[in-house]
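Let me begin by presenting the structure, written as structure tokens, before commenting on it.
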Amino acid sequence: MRKGKAIAILIVMFAITAAAGSKIEGTTTLKDFQPFGTIDKKTHKHQQYDLSFAAMGKLYTCRSVEKESLKATDFVVGSDVQYQINGDKGKVKNASGKEVECTVMRVAEVPAATPPAAAAPPASPQ
């Protein structure tokens with residue numbers, strides 16, 4: 001009985017620690033901004049967008065919420081944005097203050113930079 005309680009307490013402690021440490025925020029450059037899906041007058045009234053950016057050594061793709069209206073010109077690729085990520089929920093804010101809530105759809109490791117190819121040694125005269 002004591003082991004069961006101890007294990008349950010440890011699981012709760014780890015869950016709280018994991019949830020508390022999962023929020024990240026900062027400023028980065030918007031890498032990509034693409035429309036997602038289609039719109040129609042009945043069920044999908046607003047266009048959704050995928051916003052891609054690098055943060056904390058990872059590449060994030062965050063999809064805008066369908067219930068919010070968003071203009072394609074609000075987020076310029078290459079501009080600085082502020083981001084907040086908490087688990088699979090996120091917020092992205094542009095320089096003019098326009099903020100969009102989004103759902104994290106994909107997380108990938110930032111690819112390591114490939115070193116430039118070594119120069120070939122000069123050919124010796126023969």
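Chains: A, B, ... in order of the structure tokens. Residues: from 1 per chain. Ligands: from 1, in order shown.
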
Which polymer residues have any atom within 7 Å of an atom of A:Val65, counting only C-alpha atoms, with same-chain residues fewer than 6 positions away left out, as a ChimeraX atom specification? /A:48,101-102

Dump C-alpha atoms for the selected residues as a tab-separated table (two decimals), in the first residue's frame?
chain	number	residue	atom	x	y	z
A	48	GLN	CA	-6.23	29.02	-41.41
A	101	GLU	CA	-3.42	31.92	-31.15
A	102	CYS	CA	-2.32	28.66	-32.71

Find the residues around A:Asn86 up to 8 Å (only C-alpha atoms counted), leave out those fewer than 6 positions away in its own chain, and share them as a VMD selection string. chain A and resid 22 to 24

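Residues within 6 Å of A:Leu51, counting only C-alpha atoms and excluding same-chain residues fewer than 5 positions away, are Asp32, Phe33, Thr61 and Cys62 of chain A.
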
May I have the residues within 10 Å of A:Arg106 as a list in words, using only C-alpha atoms and disregarding those fewer than 4 positions away in the same chain? Ser52, Lys58, Leu59, Tyr60, Thr61, Cys62, Arg63 and Asp88 of chain A

So that I have them on file, write out the residues from the current selection with N, CA and C atoms, as a JSON list (two decimals), in the first residue's frame.
[["chain", "number", "residue", "atom", "x", "y", "z"],
["A", 52, "SER", "N", 5.66, 29.12, -39.36],
["A", 52, "SER", "CA", 6.85, 28.33, -39.03],
["A", 52, "SER", "C", 7.95, 29.24, -38.52],
["A", 58, "LYS", "N", 14.69, 24.19, -31.99],
["A", 58, "LYS", "CA", 13.69, 23.38, -32.68],
["A", 58, "LYS", "C", 12.95, 24.23, -33.71],
["A", 59, "LEU", "N", 12.43, 23.58, -34.75],
["A", 59, "LEU", "CA", 11.59, 24.24, -35.74],
["A", 59, "LEU", "C", 10.14, 23.94, -35.40],
["A", 60, "TYR", "N", 9.33, 24.97, -35.25],
["A", 60, "TYR", "CA", 7.92, 24.82, -34.89],
["A", 60, "TYR", "C", 7.03, 25.21, -36.06],
["A", 61, "THR", "N", 5.97, 24.44, -36.27],
["A", 61, "THR", "CA", 4.91, 24.81, -37.19],
["A", 61, "THR", "C", 3.64, 24.92, -36.36],
["A", 62, "CYS", "N", 3.05, 26.08, -36.39],
["A", 62, "CYS", "CA", 1.91, 26.40, -35.53],
["A", 62, "CYS", "C", 0.74, 26.82, -36.42],
["A", 63, "ARG", "N", -0.41, 26.17, -36.29],
["A", 63, "ARG", "CA", -1.58, 26.45, -37.14],
["A", 63, "ARG", "C", -2.54, 27.38, -36.43],
["A", 88, "ASP", "N", 1.08, 22.13, -26.46],
["A", 88, "ASP", "CA", 0.71, 22.18, -27.88],
["A", 88, "ASP", "C", -0.06, 23.44, -28.24]]

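Going from atom CA of A:Ala95 over to atom CA of A:Gln34, you cover 18.8 Å.
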
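Atom pair atom CA of A:Lys89 / atom CA of A:Thr38 has a distance of 22.1 Å (rounded to one decimal).
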
Of the candidates A:Val76, A:Leu70, A:Val92, A:Ala112, which one gets nearest to A:Lys45 if we count only C-alpha atoms?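 Of A:Val76, A:Leu70, A:Val92, A:Ala112, the one nearest A:Lys45 is A:Leu70, counting only C-alpha atoms.
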
Among the residues A:Met56, A:Gln84, A:Val77, A:Ser64, the one that comes closest to A:Val107 [using only C-alpha atoms]: A:Met56

From the list A:Phe36, A:Tyr83, A:Glu68, A:Thr73, the nearest residue to A:Met105 using only C-alpha atoms is A:Phe36

Residues near A:His46, cut-off 7 Å, only C-alpha atoms, skip fewer than 5 positions along chain, as a PyMOL selection string: chain A and resi 39+66-69
